[in-house]
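Worksheet for the structure shown next.
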Amino acid sequence: MATGRDEQRTGAPMGPEDERVERLLGELRQAELPPFYRERLLARLRGDAAGRTRAGLLRSPRLAWAVAAVAVAALAVVLARGGRQAPIAVPVAPQAEQVAVESEVVAPRIDPMLPQGNAVVGGGQVEIVAAITPPLEGAVIRLLVDEEDVTGLAEVTADYVMYTPGERFAEGEHVITIEIRDRAGNKIRDITWLFYTVDGHRAPDERV
Amino acid sequence: MKPDFEELVARYDKRLVNVMYGLTGDYDDALDLAEEAFVSAMRAYDGFRGDADPFTWLYRIAVNVFKKRHRRQARRAALWRDHAEQDPPPSAEWRTPALDAVERERAAAVRAAVAGLREPYREAIVLRYMSDASYEEIAAVTRCSVGTVKSRIARGKAMLGRLLEGKV
């Protein structure tokens with residue numbers, strides 16, 4: 001008498017054909033996940049969550065009102081000071097070389113978001129994202145991947161750097177560097193981090 | 001209490017991949033689909049109240065992702081029909097644990113046969129044998145009665161028997 005899984009549960013006897021199919025299905029082993037599948041998935045989920053938070057903030061009416069309120073307050077302070085010290089403002093043509101961003105800028109923080117430092121990802125899965133806080137206007141930002149300047153191919157804004165390489169990365173160690181300089185070329189902040197790529201997993205976008 | 005989403009990933013990633021593997025018969029597709037399902041699930045997680053079984057909820061999302069992909073592939077296949085050359089299909093079994101050639105061949109035949117079943121039967125068989133779900137869990141996931149689940153499994157197995165006849 002066969003004692004297959006369904007027979008045990010239902011009590012109904014199984015025929016030989018049922019038994020054979022049951023045995024074949026039982027032989028199927030649980031497929032293992034490929035190396036670093038979970039790590040890569042979690043990194044993607046974290047990157048997606050961070051992107052959504054950022055997009056949500058940019059769309060947030062509250063934030064817009066807060067920015068407007070700060071701008072109005074700042075304008076009021078400037079007008080009040082101007083009224084006391086310089087009643088007539090003389091416009092001066094700005095000279096790019098003389099704009100000293102460095103002295104006015106609080107050195108920002110650069111947070112690598114994707115890939116995270118020392119992360120292991122599939123070679124076709126690389127997306128590079130870093131957040132800059134506070135947002136930095138008027139600075140020169142460069143992105144280097146394995147010492148190659150890819151700034152022109154990246155999306156660079158005042159508060160983030162995002163780059164999706166067009167080609168699959170070779171397996172191994174890779175270095176990302178983000179440099180922030182003022183317009184005079186003075187260093188404001190540099191950051192470098194490493195990640196690793198493994199082969200053996202096809203990227204979803206490569207399947208199409 | 002609702003678990004942290006990353007905890008959900010750690011708890012169910014392998015199970016979801018295996019269920020998707022059963023539905024598609026293709027390991028690479030299964031990995032992609034499970035990943036897409038987790039991304040969609042994370043976006044919807046705020047709306048998940050936590051009173052349903054998380055795997056049931058995840059599974060429904062994954063099946064929706066699978067159906068969407070299936071429709072897209074069907075459209076693409078129609079577009080490609082006139083083209084002479086197509087990429088060879090990727091190997092489904094190369095990453096499974098070291099099986100000998102006969103076992104591998106047999107497993108591939110069984111998986112292909114399962115993937116060839118009509119949807120309600122395939123779903124019931126996959127959940128039962130590749131995810132080790134109880135009849136009650138399958139009934140909750142597929143939104144039907146336990147009796148219907150048992151009937152689908154019995155009929156699914158009968159169909160598999162015919163599909164596999166002379167092959168394994």
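Please note that chains go A, B, ... in the order of the structure tokens, that every chain numbers its residues from 1, and that ligands are numbered from 1 in the order shown.
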inquiry  = Would you mind listing, as a PyMOL selection string, all residues of chain A that have at least one atom within 7 Å of chain B, where only C-alpha atoms are what counts?
reply    = chain A and resi 17-18+21+25-26+28+30-33+41+45+204
request  = Mind the document's chain letters and residue numbers, and return as a PyMOL selection string the residues of segment 8-168 of chain B that DSSP labels helix (DSSP H, G or I).
outcome  = chain B and resi 8-24+27-47+54-80+101-115+119-129+135-142+146-164
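If you look at atom CA of Ile128 of chain A and atom CA of Met113 of chain A, they are 7.5 Å away from each other.
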task = Extract, using only C-alpha atoms, all DNA, RNA and protein residues at most 12 Å from Ala41 of chain B, discarding same-chain residues fewer than 3 positions from it, and format them as a VMD selection string.
result = (chain A and resid 45 48 to 49) or (chain B and resid 5 to 6 8 to 9 33 to 38 44 to 48 54 to 65)
query = Which neighbours of segment 121-125 of chain A fall inside 12 Å, counting only C-alpha atoms, when residues of the same chain fewer than 3 positions from it are skipped, and could you give them as JSON, numbers by chain?
reply = {"A": [34, 35, 36, 37, 38, 39, 40, 41, 42, 43, 44, 114, 115, 116, 117, 118, 128, 163, 164, 165, 166, 167, 168, 169, 170, 171, 172, 173, 174, 194, 195, 196, 197, 198, 199, 200, 201, 202, 203, 204, 205, 206, 207], "B": [32]}
Residue contacts of Ala115 of chain B (6 Å, only C-alpha atoms) excluding same-chain residues fewer than 4 positions away, as number ranges by chain = B: 23-25
